[in-house]
$ cat work15.txt   # compact mmCIF, C-alpha atoms and all ligand atoms
# COMPACT_ATOMS: atom_id res chain seq x y z
CA MET A 14 12.90 20.10 9.72
CA LYS A 15 12.71 19.30 5.98
CA ILE A 16 12.14 15.62 5.26
CA LEU A 17 12.10 14.07 1.82
CA VAL A 18 9.94 10.94 1.38
CA ILE A 19 10.99 8.64 -1.44
CA ASN A 20 9.10 5.77 -3.05
CA ALA A 21 11.42 4.27 -5.65
CA GLY A 22 9.88 1.82 -8.12
CA SER A 23 11.53 -0.06 -10.95
CA SER A 24 11.23 2.84 -13.41
CA SER A 25 10.01 5.71 -11.27
CA ILE A 26 10.77 7.75 -8.16
CA LYS A 27 7.84 9.37 -6.36
CA TYR A 28 8.77 12.01 -3.80
CA GLN A 29 7.24 14.41 -1.28
CA LEU A 30 9.09 17.12 0.60
CA TYR A 31 7.67 17.76 4.08
CA GLU A 32 8.10 20.43 6.68
CA MET A 33 8.00 18.61 10.00
CA PRO A 34 6.63 18.39 12.61
CA GLN A 35 3.82 20.43 10.99
CA GLY A 36 3.38 17.75 8.32
CA THR A 37 3.05 20.35 5.54
CA VAL A 38 3.79 19.11 2.02
CA ILE A 39 6.11 21.70 0.44
CA ALA A 40 6.38 19.93 -2.92
CA LYS A 41 5.73 16.56 -4.45
CA GLY A 42 6.28 14.83 -7.72
CA ASN A 43 6.92 11.78 -9.80
CA LEU A 44 9.87 11.05 -12.04
CA GLU A 45 8.75 8.38 -14.48
CA ARG A 46 10.29 6.32 -17.29
CA ILE A 47 13.75 6.04 -15.73
CA GLY A 48 15.98 3.99 -18.06
CA GLU A 49 13.77 4.69 -21.08
CA GLU A 50 14.58 7.01 -23.96
CA MET A 51 12.89 9.99 -22.34
CA GLY A 52 12.14 10.45 -18.65
CA LYS A 53 9.25 12.61 -17.46
CA LEU A 54 9.13 14.67 -14.29
CA THR A 55 5.90 16.10 -12.86
CA HIS A 56 6.58 18.44 -9.94
CA GLN A 57 3.89 20.18 -7.89
CA TYR A 58 4.33 23.04 -5.43
CA ASP A 59 2.10 25.89 -4.18
CA SER A 60 -0.77 24.52 -6.32
CA GLN A 61 1.41 24.95 -9.41
CA GLU A 62 2.71 22.23 -11.68
CA TYR A 63 6.04 22.06 -13.49
CA THR A 64 6.67 19.26 -16.00
CA THR A 65 9.75 18.52 -18.00
CA GLU A 66 11.18 15.72 -20.11
CA THR A 67 14.79 14.61 -20.21
CA PRO A 68 16.60 11.27 -20.52
CA VAL A 69 17.21 9.73 -17.06
CA ALA A 70 19.50 6.73 -17.35
CA ASP A 71 19.22 5.39 -13.80
CA HIS A 72 18.00 6.09 -10.25
CA GLU A 73 21.26 7.83 -9.29
CA ILE A 74 20.76 10.37 -12.08
CA GLY A 75 17.05 10.49 -11.25
CA MET A 76 17.70 11.37 -7.61
CA ALA A 77 20.17 14.11 -8.65
CA PHE A 78 17.54 15.48 -11.04
CA ILE A 79 14.85 15.58 -8.34
CA LEU A 80 17.19 17.39 -5.94
CA GLU A 81 18.13 19.91 -8.66
CA THR A 82 14.44 20.47 -9.31
CA LEU A 83 13.78 21.23 -5.63
CA VAL A 84 16.27 24.13 -5.76
CA SER A 85 15.53 25.22 -9.34
CA GLU A 86 13.96 28.65 -9.93
CA LYS A 87 11.97 27.22 -12.85
CA ALA A 88 10.30 24.76 -10.48
CA GLY A 89 9.56 27.25 -7.72
CA ALA A 90 12.88 26.81 -5.81
CA VAL A 91 11.02 25.31 -2.87
CA ILE A 92 14.35 25.10 -0.98
CA LYS A 93 17.51 27.16 -1.44
CA ASP A 94 20.00 24.38 -0.80
CA ILE A 95 19.61 20.61 -0.78
CA ALA A 96 21.56 20.55 2.50
CA GLU A 97 18.33 21.82 4.12
CA ILE A 98 17.00 18.25 3.77
CA GLN A 99 17.91 16.72 7.12
CA ALA A 100 16.38 13.31 6.61
CA VAL A 101 15.04 11.02 3.91
CA GLY A 102 12.29 8.46 4.57
CA HIS A 103 12.24 5.55 2.13
CA ARG A 104 9.32 3.26 1.47
CA VAL A 105 10.65 -0.29 1.47
CA VAL A 106 8.29 -3.09 0.54
CA HIS A 107 9.77 -6.17 2.20
CA GLY A 108 11.45 -6.21 5.58
CA GLY A 109 10.78 -9.91 6.11
CA ASP A 110 10.37 -10.79 9.79
CA GLU A 111 13.20 -8.54 10.96
CA PHE A 112 11.49 -5.18 11.42
CA SER A 113 8.52 -4.29 13.58
CA GLY A 114 8.89 -0.58 12.86
CA SER A 115 10.78 1.97 10.81
CA ASN A 116 14.56 2.00 11.18
CA ILE A 117 17.50 4.31 10.60
CA ILE A 118 19.39 2.77 7.70
CA ASP A 119 22.81 1.32 8.48
CA ASP A 120 24.77 -1.50 6.85
CA ASN A 121 22.73 -4.17 8.67
CA VAL A 122 19.43 -2.69 7.51
CA LEU A 123 20.77 -2.48 3.94
CA ALA A 124 21.87 -6.11 4.12
CA SER A 125 18.39 -7.18 5.30
CA ILE A 126 16.65 -5.29 2.50
CA GLU A 127 19.01 -7.04 0.08
CA LYS A 128 18.36 -10.42 1.70
CA PHE A 129 14.59 -10.07 1.29
CA ALA A 130 14.90 -9.02 -2.35
CA ASP A 131 14.24 -12.57 -3.48
CA LEU A 132 10.84 -12.39 -1.73
CA ALA A 133 10.05 -9.04 -3.40
CA PRO A 134 12.09 -9.06 -6.61
CA LEU A 135 10.08 -6.27 -8.23
CA HIS A 136 10.22 -3.94 -5.25
CA ASN A 137 13.21 -4.29 -2.93
CA PRO A 138 15.91 -3.88 -5.62
CA PRO A 139 14.56 -0.48 -6.81
CA ASN A 140 13.95 0.53 -3.17
CA LEU A 141 17.64 -0.22 -2.49
CA THR A 142 18.75 1.72 -5.55
CA GLY A 143 16.73 4.69 -4.29
CA ILE A 144 18.37 4.47 -0.86
CA ARG A 145 21.88 4.27 -2.30
CA ALA A 146 21.25 7.22 -4.61
CA ALA A 147 19.91 9.31 -1.70
CA GLN A 148 22.92 8.32 0.45
CA HIS A 149 25.30 9.50 -2.28
CA LYS A 150 23.52 12.75 -3.00
CA LEU A 151 22.64 13.64 0.61
CA PRO A 152 25.46 12.09 2.67
CA LYS A 153 24.69 14.20 5.77
CA ALA A 154 20.97 13.39 5.90
CA THR A 155 19.60 10.63 8.14
CA GLN A 156 18.18 7.87 5.95
CA VAL A 157 15.20 5.93 7.31
CA ALA A 158 13.52 2.79 5.96
CA CYS A 159 9.77 2.35 6.47
CA PHE A 160 8.68 -1.20 5.71
CA ASP A 161 5.32 -2.24 4.26
CA THR A 162 5.63 -5.42 6.30
CA ALA A 163 6.45 -3.81 9.69
CA PHE A 164 2.91 -3.24 11.02
CA HIS A 165 2.18 -6.93 10.49
CA ALA A 166 5.13 -8.09 12.62
CA SER A 167 2.62 -8.58 15.47
CA ILE A 168 0.71 -11.30 13.58
CA PRO A 169 0.88 -14.52 15.67
CA GLU A 170 2.39 -17.74 14.37
CA VAL A 171 -1.02 -19.39 14.07
CA ALA A 172 -1.97 -16.77 11.46
CA TYR A 173 1.33 -16.38 9.66
CA MET A 174 2.25 -20.04 9.16
CA TYR A 175 1.01 -21.92 6.11
CA ALA A 176 0.03 -25.57 6.37
CA LEU A 177 3.04 -26.57 4.28
CA PRO A 178 6.01 -28.69 5.41
CA TYR A 179 7.56 -26.81 8.34
CA GLU A 180 11.04 -27.00 6.84
CA LEU A 181 9.98 -24.61 4.06
CA TYR A 182 9.61 -21.98 6.77
CA GLU A 183 12.95 -22.87 8.31
CA LYS A 184 14.81 -23.11 5.03
CA TYR A 185 13.16 -20.48 2.85
CA ARG A 186 11.20 -18.30 5.30
CA VAL A 187 7.94 -19.26 3.61
CA ARG A 188 5.23 -17.61 5.76
CA ARG A 189 2.70 -14.78 5.66
CA TYR A 190 4.30 -11.33 5.90
CA GLY A 191 1.56 -8.97 4.71
CA PHE A 192 1.91 -5.60 2.98
CA HIS A 193 0.36 -2.09 2.89
CA GLY A 194 1.34 -1.99 6.58
CA THR A 195 2.02 1.75 6.62
CA SER A 196 -1.47 2.37 5.26
CA HIS A 197 -3.23 -0.08 7.63
CA ARG A 198 -1.40 1.44 10.60
CA TYR A 199 -2.15 5.02 9.53
CA VAL A 200 -5.90 4.45 9.11
CA ALA A 201 -6.07 2.33 12.28
CA ARG A 202 -4.49 5.13 14.36
CA ARG A 203 -6.71 7.73 12.71
CA ALA A 204 -9.84 5.61 13.35
CA ALA A 205 -8.91 5.38 17.05
CA GLU A 206 -8.60 9.18 17.14
CA LEU A 207 -11.99 9.62 15.45
CA MET A 208 -13.52 7.20 17.96
CA LYS A 209 -11.82 9.12 20.80
CA LYS A 210 -10.12 5.96 22.00
CA GLY A 211 -6.52 5.08 22.72
CA LYS A 212 -4.58 3.64 19.77
CA TYR A 213 -4.35 0.27 21.53
CA ASP A 214 -8.00 0.24 22.64
CA VAL A 215 -9.64 -0.52 19.30
CA ASN A 216 -10.55 -3.66 17.35
CA LEU A 217 -10.80 -2.87 13.65
CA ILE A 218 -10.94 -4.33 10.18
CA THR A 219 -9.02 -2.08 7.82
CA CYS A 220 -9.63 -2.45 4.07
CA HIS A 221 -7.01 -0.95 1.75
CA LEU A 222 -8.69 -1.20 -1.65
CA GLY A 223 -6.61 0.32 -4.46
CA ASN A 224 -4.95 -1.34 -7.43
CA GLY A 225 -3.44 -3.66 -4.89
CA CYS A 226 -5.90 -4.62 -2.16
CA SER A 227 -5.46 -6.01 1.32
CA MET A 228 -7.29 -6.20 4.62
CA ALA A 229 -6.04 -6.39 8.17
CA ALA A 230 -7.59 -7.59 11.42
CA VAL A 231 -6.40 -5.12 14.05
CA LYS A 232 -6.84 -6.22 17.66
CA ASN A 233 -6.02 -3.74 20.43
CA GLY A 234 -4.35 -1.56 17.80
CA LYS A 235 -2.07 -4.33 16.51
CA SER A 236 -2.28 -6.31 13.30
CA VAL A 237 -3.21 -9.93 14.10
CA ASP A 238 -3.96 -11.10 10.56
CA THR A 239 -3.84 -9.80 7.02
CA SER A 240 -4.95 -11.02 3.62
CA MET A 241 -1.68 -10.69 1.69
CA GLY A 242 0.86 -13.43 2.28
CA LEU A 243 4.43 -14.28 1.36
CA THR A 244 3.87 -11.91 -1.56
CA PRO A 245 1.15 -9.36 -2.40
CA LEU A 246 -0.71 -11.94 -4.52
CA GLU A 247 -2.80 -13.61 -1.82
CA GLY A 248 -6.18 -12.52 -0.52
CA LEU A 249 -8.56 -10.08 -2.15
CA VAL A 250 -9.38 -9.68 -5.83
CA MET A 251 -7.18 -6.82 -7.13
CA GLY A 252 -6.80 -4.82 -10.34
CA THR A 253 -4.78 -7.50 -12.11
CA ARG A 254 -4.00 -9.99 -9.29
CA SER A 255 -6.16 -13.00 -8.56
CA GLY A 256 -5.99 -13.12 -4.78
CA ASP A 257 -7.02 -16.47 -3.24
CA PHE A 258 -7.64 -19.50 -5.41
CA ASP A 259 -7.04 -23.24 -5.28
CA PRO A 260 -3.28 -23.69 -5.85
CA ALA A 261 -4.04 -26.95 -7.69
CA ILE A 262 -5.26 -24.78 -10.57
CA LEU A 263 -1.58 -24.06 -11.22
CA PHE A 264 -0.70 -27.77 -11.47
CA TYR A 265 -3.68 -28.31 -13.73
CA LEU A 266 -2.61 -25.44 -16.01
CA ALA A 267 0.99 -26.71 -15.95
CA SER A 268 -0.35 -30.02 -17.29
CA LYS A 269 -1.91 -27.99 -20.12
CA GLY A 270 1.47 -26.50 -21.07
CA TYR A 271 1.73 -23.28 -19.03
CA ASP A 272 5.23 -22.71 -17.65
CA ILE A 273 6.16 -20.88 -14.44
CA LYS A 274 6.65 -17.57 -16.20
CA ASP A 275 3.23 -17.80 -17.88
CA LEU A 276 1.58 -18.67 -14.58
CA ASN A 277 3.30 -15.82 -12.78
CA THR A 278 2.13 -13.34 -15.42
CA LEU A 279 -1.33 -14.87 -15.43
CA CYS A 280 -1.83 -14.55 -11.65
CA ASN A 281 -0.16 -11.16 -11.17
CA LYS A 282 -0.90 -9.27 -14.38
CA LYS A 283 -3.87 -10.85 -16.12
CA SER A 284 -6.24 -11.84 -13.34
CA GLY A 285 -8.38 -9.91 -10.85
CA LEU A 286 -10.82 -7.28 -12.15
CA LEU A 287 -9.04 -7.30 -15.52
CA GLY A 288 -9.11 -11.07 -15.86
CA ILE A 289 -12.78 -11.50 -14.99
CA SER A 290 -14.09 -8.53 -16.99
CA GLY A 291 -11.69 -9.05 -19.91
CA GLU A 292 -11.71 -5.26 -20.21
CA SER A 293 -10.15 -3.23 -17.44
CA ASN A 294 -8.38 -3.33 -14.10
CA ASP A 295 -9.93 -0.01 -13.17
CA MET A 296 -13.00 0.11 -10.93
CA ARG A 297 -14.16 3.38 -12.50
CA ASN A 298 -14.24 1.89 -16.01
CA LEU A 299 -15.94 -1.25 -14.78
CA THR A 300 -18.60 0.73 -12.93
CA GLU A 301 -19.37 2.63 -16.15
CA LYS A 302 -19.44 -0.55 -18.25
CA ALA A 303 -21.63 -2.36 -15.73
CA ALA A 304 -24.09 0.56 -15.77
CA GLN A 305 -24.31 0.09 -19.57
CA GLY A 306 -25.28 -3.53 -19.06
CA ASP A 307 -21.87 -5.22 -19.42
CA LYS A 308 -22.40 -8.50 -17.51
CA ARG A 309 -18.76 -9.44 -17.06
CA ALA A 310 -17.87 -6.00 -15.74
CA GLN A 311 -20.67 -6.44 -13.21
CA LEU A 312 -19.45 -9.94 -12.36
CA ALA A 313 -15.93 -8.63 -11.72
CA ILE A 314 -17.31 -6.00 -9.32
CA ASP A 315 -19.54 -8.57 -7.61
CA ILE A 316 -16.69 -11.02 -7.05
CA PHE A 317 -14.48 -8.20 -5.79
CA CYS A 318 -17.09 -7.09 -3.23
CA TYR A 319 -17.99 -10.66 -2.23
CA ARG A 320 -14.36 -11.42 -1.36
CA VAL A 321 -14.08 -8.31 0.85
CA LYS A 322 -17.35 -9.24 2.58
CA LYS A 323 -16.07 -12.76 3.17
CA TYR A 324 -12.91 -11.45 4.82
CA ILE A 325 -14.96 -9.11 7.03
CA GLY A 326 -16.78 -12.20 8.28
CA THR A 327 -13.54 -14.11 8.84
CA TYR A 328 -11.84 -11.26 10.65
CA THR A 329 -14.90 -10.59 12.82
CA ALA A 330 -14.55 -14.18 14.04
CA VAL A 331 -10.82 -13.62 14.63
CA LEU A 332 -11.33 -10.38 16.57
CA GLY A 333 -14.25 -11.40 18.77
CA ARG A 334 -15.31 -7.77 19.30
CA LEU A 335 -15.41 -5.46 16.29
CA ASP A 336 -15.51 -1.67 16.83
CA ALA A 337 -15.13 -0.39 13.28
CA VAL A 338 -14.50 -1.20 9.64
CA VAL A 339 -12.32 1.29 7.76
CA PHE A 340 -12.22 1.78 3.99
CA THR A 341 -9.21 3.38 2.29
CA GLY A 342 -7.34 3.34 -1.07
CA GLY A 343 -8.69 4.56 -4.43
CA ILE A 344 -11.64 2.16 -4.39
CA GLY A 345 -12.26 2.32 -0.64
CA GLU A 346 -12.28 6.13 -0.68
CA ASN A 347 -14.33 6.61 -3.83
CA ALA A 348 -16.35 3.61 -4.96
CA THR A 349 -19.58 4.25 -3.06
CA ALA A 350 -21.45 1.43 -4.80
CA ALA A 351 -18.75 -1.09 -3.92
CA ARG A 352 -18.81 0.01 -0.26
CA ALA A 353 -22.59 -0.35 -0.22
CA ALA A 354 -22.41 -3.84 -1.76
CA ILE A 355 -19.70 -4.97 0.66
CA CYS A 356 -21.65 -3.75 3.70
CA SER A 357 -25.08 -4.94 2.53
CA ASP A 358 -26.93 -7.63 4.51
CA MET A 359 -24.60 -7.81 7.47
CA PRO A 360 -26.97 -7.47 10.45
CA GLN A 361 -25.36 -10.55 12.03
CA ILE A 362 -22.11 -8.59 12.24
CA GLY A 363 -23.84 -5.39 13.32
CA ILE A 364 -22.96 -3.38 10.23
CA GLU A 365 -25.49 -1.00 8.73
CA LEU A 366 -24.54 1.79 6.34
CA ASP A 367 -26.26 5.15 6.14
CA GLN A 368 -26.84 5.29 2.37
CA LYS A 369 -26.86 9.08 2.27
CA LEU A 370 -23.60 9.38 4.17
CA ASN A 371 -22.07 6.66 2.04
CA ASP A 372 -23.00 8.53 -1.15
CA THR A 373 -21.56 11.81 0.08
CA VAL A 374 -18.31 10.73 1.74
CA LEU A 375 -15.96 10.85 -1.25
CA ARG A 376 -12.19 11.35 -1.19
CA ARG A 377 -12.50 12.58 2.38
CA GLU A 378 -12.72 11.31 5.91
CA GLY A 379 -16.11 10.48 7.34
CA LEU A 380 -18.42 8.09 9.14
CA ILE A 381 -20.74 6.21 6.76
CA SER A 382 -22.56 3.85 9.17
CA SER A 383 -26.05 4.56 10.47
CA ASP A 384 -26.93 5.41 14.07
CA ASN A 385 -28.28 1.85 14.44
CA SER A 386 -25.03 0.21 13.39
CA ASP A 387 -23.23 -1.55 16.27
CA VAL A 388 -20.03 -1.35 14.25
CA ALA A 389 -18.85 2.06 13.01
CA VAL A 390 -17.84 2.22 9.34
CA TYR A 391 -15.37 4.94 8.33
CA VAL A 392 -13.79 6.18 5.14
CA ILE A 393 -10.27 7.41 5.91
CA PRO A 394 -8.06 8.55 3.01
CA THR A 395 -4.71 6.88 3.43
CA ASN A 396 -1.54 8.92 3.81
CA GLU A 397 1.42 6.58 3.55
CA GLU A 398 3.87 9.37 2.73
CA GLY A 399 2.70 11.40 5.74
CA ALA A 400 3.18 8.36 7.98
CA ILE A 401 6.69 7.80 6.56
CA ALA A 402 7.52 11.49 7.15
CA ALA A 403 6.25 11.22 10.75
CA ASP A 404 8.30 8.06 11.45
CA THR A 405 11.39 9.64 9.87
CA TYR A 406 10.94 12.76 11.99
CA GLU A 407 10.57 10.72 15.20
CA LEU A 408 13.73 8.74 14.47
CA THR A 409 15.73 11.79 13.40
CA LYS A 410 14.82 14.47 15.93
P1 LIG B 501 -2.72 2.30 -6.17
O1 LIG B 501 -2.91 1.00 -5.46
O2 LIG B 501 -2.03 2.17 -7.49
O3 LIG B 501 -2.22 3.42 -5.29
P2 LIG B 501 -5.28 3.64 -5.94
O4 LIG B 501 -5.31 3.54 -4.46
O5 LIG B 501 -5.16 5.00 -6.55
O6 LIG B 501 -4.20 2.71 -6.60
O7 LIG B 501 -6.63 2.96 -6.48
C1 LIG B 501 -6.89 2.79 -7.83
C2 LIG B 501 -8.30 2.24 -7.97
O8 LIG B 501 -9.22 3.20 -7.42
C3 LIG B 501 -8.72 2.02 -9.42
O9 LIG B 501 -9.40 0.79 -9.53
C4 LIG B 501 -9.67 3.17 -9.64
O10 LIG B 501 -10.63 2.87 -10.61
C5 LIG B 501 -10.31 3.30 -8.29
N1 LIG B 501 -11.01 4.58 -8.21
C6 LIG B 501 -10.48 5.82 -8.17
N2 LIG B 501 -11.48 6.76 -8.18
C7 LIG B 501 -12.64 6.08 -8.24
C8 LIG B 501 -14.03 6.46 -8.27
N3 LIG B 501 -14.38 7.73 -8.25
N4 LIG B 501 -14.96 5.48 -8.32
C9 LIG B 501 -14.60 4.19 -8.33
N5 LIG B 501 -13.32 3.76 -8.30
C10 LIG B 501 -12.36 4.69 -8.25

$ encode --input "work15.txt" --output "structure tokens"
Amino acid sequence: MKILVINAGSSSIKYQLYEMPQGTVIAKGNLERIGEEMGKLTHQYDSQEYTTETPVADHEIGMAFILETLVSEKAGAVIKDIAEIQAVGHRVVHGGDEFSGSNIIDDNVLASIEKFADLAPLHNPPNLTGIRAAQHKLPKATQVACFDTAFHASIPEVAYMYALPYELYEKYRVRRYGFHGTSHRYVARRAAELMKKGKYDVNLITCHLGNGCSMAAVKNGKSVDTSMGLTPLEGLVMGTRSGDFDPAILFYLASKGYDIKDLNTLCNKKSGLLGISGESNDMRNLTEKAAQGDKRAQLAIDIFCYRVKKYIGTYTAVLGRLDAVVFTGGIGENATAARAAICSDMPQIGIELDQKLNDTVLRREGLISSDNSDVAVYVIPTNEEGAIAADTYELTK
């Protein structure tokens, strides 16, 4: 069965075409700069790359262009007819508290995605546009929504409620939802397989460290807490997002003349690794700068690692028994020095890295803890698209 996985952002559509149940990626690509003067498509198939530029006014036109590309001779004609695509799996960021798994899209599901758009104004509206475009272009295909929030639906009230007036929860649904759920679930299931245990028999801390970063406490295979909150701003230090800080800083800055828009930009776009270093949101750049003696680049990395370490401590207390810590995402999979710093000096938790393994496990799956470590530490490259394809297949077959 051919399944197309779609991740529609505000000005881009990323896609992967899968052959299921084998899980083979037939083609993948990214259509960028939708709505700008010139759109750019990068399409990969059979280890070949086809790129082209053309104006793409909106997502509807973008989706048509991607489907044309899949059948185009110039781009390898990876399928003969778009009708071969039997299902489309859509990444949807916010499903609020209404979805504990992926769902076949019907009018109710569409209405919910629309309802939660005010909690994820940058993500849900383009996700919806992507769904509508796919429905128009592939009316016979089953459309499935896979929510970033779904894996965290198991988080108990004590962990998802904020200590704010209760009526804010009743009136405005102010609570912790959590994100990156597809990634946390994928690496948690994979870790259980690597440990030769059942998927509900493991207690884990999963660390998704990319541009956006979040951690999850996974008890008996289910998420029981996570670092992101109502929005993806809370928790860890990220590329440009602050993560946790004293909310009174906002009132203080407001008294200095910052308005809501400034504060929003400041916390989401100008903070995190970029804000501290003053130079870059990219861990690779900061690692290079720090090696050249740049103190603020080093400070940014140190604060980043310290925050992850702190959450490992917190989640160990939450879980009681900890079987493994899992690193994933661009930083988690590649930044060996950051992993070493995060896992340093944690004998009280039973974590000890094998330095050699840590240095050699790069962009691939592997165990990086030493034989003496009570807690296993794994690197597991995330595969959100693969997980979406698998869910879509299960719901469609
Ligand atoms: P996104 O959240 O946008 O999917 P990624 O998961 O690709 O992002 O993660 C991007 C981050 O991974 C960047 O900070 C980047 O510097 C970091 N990264 C990628 N490769 C390396 C590497 N070899 N060493 C250190 N950091 C890396």

$ closest_residue --input "work15.txt" --among "A:Phe340, A:Phe129, A:Tyr179, A:Tyr58" --to "ligand LIG 501 (chain B)" --atoms "only C-alpha atoms and all ligand atoms"
A:Phe340

$ residues_near_ligand --input "work15.txt" --ligand "ligand LIG 501 (chain B)" --cutoff "9 Å" --atoms "all atoms listed in the file" --output "number ranges by chain"
A: 221-226, 251-252, 286, 293-300, 341-351, 375-376, 395

$ residues_around --input "work15.txt" --residues "Ser236 in chain A" --least-positions-apart "4" --cutoff "9 Å" --atoms "all atoms listed in the file" --output "PDB file with C-alpha atoms, keeping the file's coordinate frame"
ATOM      1  CA  PHE A 164       2.910  -3.240  11.020  1.00  0.00           C
ATOM      2  CA  HIS A 165       2.180  -6.930  10.490  1.00  0.00           C
ATOM      3  CA  ALA A 166       5.130  -8.090  12.620  1.00  0.00           C
ATOM      4  CA  SER A 167       2.620  -8.580  15.470  1.00  0.00           C
ATOM      5  CA  ILE A 168       0.710 -11.300  13.580  1.00  0.00           C
ATOM      6  CA  GLY A 194       1.340  -1.990   6.580  1.00  0.00           C
ATOM      7  CA  HIS A 197      -3.230  -0.080   7.630  1.00  0.00           C
ATOM      8  CA  ARG A 198      -1.400   1.440  10.600  1.00  0.00           C
ATOM      9  CA  ALA A 229      -6.040  -6.390   8.170  1.00  0.00           C
ATOM     10  CA  ALA A 230      -7.590  -7.590  11.420  1.00  0.00           C
ATOM     11  CA  VAL A 231      -6.400  -5.120  14.050  1.00  0.00           C
ATOM     12  CA  LYS A 232      -6.840  -6.220  17.660  1.00  0.00           C
TER      13      LYS A 232
END

$ atom_distance --input "work15.txt" --atom1 "CA of Ile16 in chain A" --atom2 "CA of Val69 in chain A"
23.6 Å

$ closest_residue --input "work15.txt" --among "A:Ala353, A:Ile79, A:Val18, A:Val106" --to "Val157 in chain A" --atoms "all atoms listed in the file"
A:Val18

$ axis_aligned_box --input "work15.txt" --around "range 365-377 of chain A" --padding-each-side "4 Å" --output "lines of an AutoDock Vina configuration file"
center_x = -19.5
center_y = 5.8
center_z = 3.7
size_x = 22.7
size_y = 21.6
size_z = 18.0

$ closest_residue --input "work15.txt" --among "A:Glu111, A:Ala154, A:Arg189, A:Ala147" --to "Tyr406 in chain A" --atoms "only C-alpha atoms"
A:Ala154

$ atom_distance --input "work15.txt" --atom1 "CA of Lys27 in chain A" --atom2 "CA of Ser85 in chain A"
17.9 Å

$ closest_residue --input "work15.txt" --among "A:Ala205, A:Ala261, A:Leu246, A:Ala90" --to "Asn277 in chain A" --atoms "only C-alpha atoms"
A:Leu246

$ closest_atom_pairs --input "work15.txt" --of "range 212-268 of chain A" --to "range 319-335 of chain A" --cutoff "12 Å" --atoms "all atoms listed in the file" --output "JSON lines"
{"residue": "A:Asp214", "atom": "CA", "partner": "A:Leu335", "partner_atom": "CA", "distance": 11.3}
{"residue": "A:Val215", "atom": "CA", "partner": "A:Leu335", "partner_atom": "CA", "distance": 8.2}
{"residue": "A:Asn216", "atom": "CA", "partner": "A:Leu335", "partner_atom": "CA", "distance": 5.3}
{"residue": "A:Leu217", "atom": "CA", "partner": "A:Leu335", "partner_atom": "CA", "distance": 5.9}
{"residue": "A:Ile218", "atom": "CA", "partner": "A:Ile325", "partner_atom": "CA", "distance": 7.0}
{"residue": "A:Thr219", "atom": "CA", "partner": "A:Ile325", "partner_atom": "CA", "distance": 9.2}
{"residue": "A:Cys220", "atom": "CA", "partner": "A:Val321", "partner_atom": "CA", "distance": 8.0}
{"residue": "A:His221", "atom": "CA", "partner": "A:Val321", "partner_atom": "CA", "distance": 10.2}
{"residue": "A:Leu222", "atom": "CA", "partner": "A:Val321", "partner_atom": "CA", "distance": 9.3}
{"residue": "A:Cys226", "atom": "CA", "partner": "A:Val321", "partner_atom": "CA", "distance": 9.5}
{"residue": "A:Ser227", "atom": "CA", "partner": "A:Val321", "partner_atom": "CA", "distance": 8.9}
{"residue": "A:Met228", "atom": "CA", "partner": "A:Tyr324", "partner_atom": "CA", "distance": 7.7}
{"residue": "A:Ala229", "atom": "CA", "partner": "A:Tyr328", "partner_atom": "CA", "distance": 8.0}
{"residue": "A:Ala230", "atom": "CA", "partner": "A:Tyr328", "partner_atom": "CA", "distance": 5.7}
{"residue": "A:Val231", "atom": "CA", "partner": "A:Leu332", "partner_atom": "CA", "distance": 7.6}
{"residue": "A:Lys232", "atom": "CA", "partner": "A:Leu332", "partner_atom": "CA", "distance": 6.2}
{"residue": "A:Asn233", "atom": "CA", "partner": "A:Leu332", "partner_atom": "CA", "distance": 9.3}
{"residue": "A:Gly234", "atom": "CA", "partner": "A:Leu332", "partner_atom": "CA", "distance": 11.3}
{"residue": "A:Lys235", "atom": "CA", "partner": "A:Leu332", "partner_atom": "CA", "distance": 11.1}
{"residue": "A:Ser236", "atom": "CA", "partner": "A:Leu332", "partner_atom": "CA", "distance": 10.4}
{"residue": "A:Val237", "atom": "CA", "partner": "A:Val331", "partner_atom": "CA", "distance": 8.5}
{"residue": "A:Asp238", "atom": "CA", "partner": "A:Tyr328", "partner_atom": "CA", "distance": 7.9}
{"residue": "A:Thr239", "atom": "CA", "partner": "A:Tyr328", "partner_atom": "CA", "distance": 8.9}
{"residue": "A:Ser240", "atom": "CA", "partner": "A:Tyr324", "partner_atom": "CA", "distance": 8.1}
{"residue": "A:Met241", "atom": "CA", "partner": "A:Tyr324", "partner_atom": "CA", "distance": 11.7}
{"residue": "A:Glu247", "atom": "CA", "partner": "A:Arg320", "partner_atom": "CA", "distance": 11.8}
{"residue": "A:Gly248", "atom": "CA", "partner": "A:Arg320", "partner_atom": "CA", "distance": 8.3}
{"residue": "A:Leu249", "atom": "CA", "partner": "A:Arg320", "partner_atom": "CA", "distance": 6.0}
{"residue": "A:Val250", "atom": "CA", "partner": "A:Arg320", "partner_atom": "CA", "distance": 6.9}
{"residue": "A:Met251", "atom": "CA", "partner": "A:Arg320", "partner_atom": "CA", "distance": 10.3}
{"residue": "A:Ser255", "atom": "CA", "partner": "A:Arg320", "partner_atom": "CA", "distance": 11.0}
{"residue": "A:Gly256", "atom": "CA", "partner": "A:Arg320", "partner_atom": "CA", "distance": 9.2}
{"residue": "A:Asp257", "atom": "CA", "partner": "A:Arg320", "partner_atom": "CA", "distance": 9.1}
{"residue": "A:Phe258", "atom": "CA", "partner": "A:Arg320", "partner_atom": "CA", "distance": 11.3}

$ atom_distance --input "work15.txt" --atom1 "CA of Gly48 in chain A" --atom2 "CA of Thr64 in chain A"
18.0 Å

$ closest_residue --input "work15.txt" --among "A:Ala77, A:Ala403, A:Ile92, A:Leu312" --to "Ile39 in chain A" --atoms "all atoms listed in the file"
A:Ile92
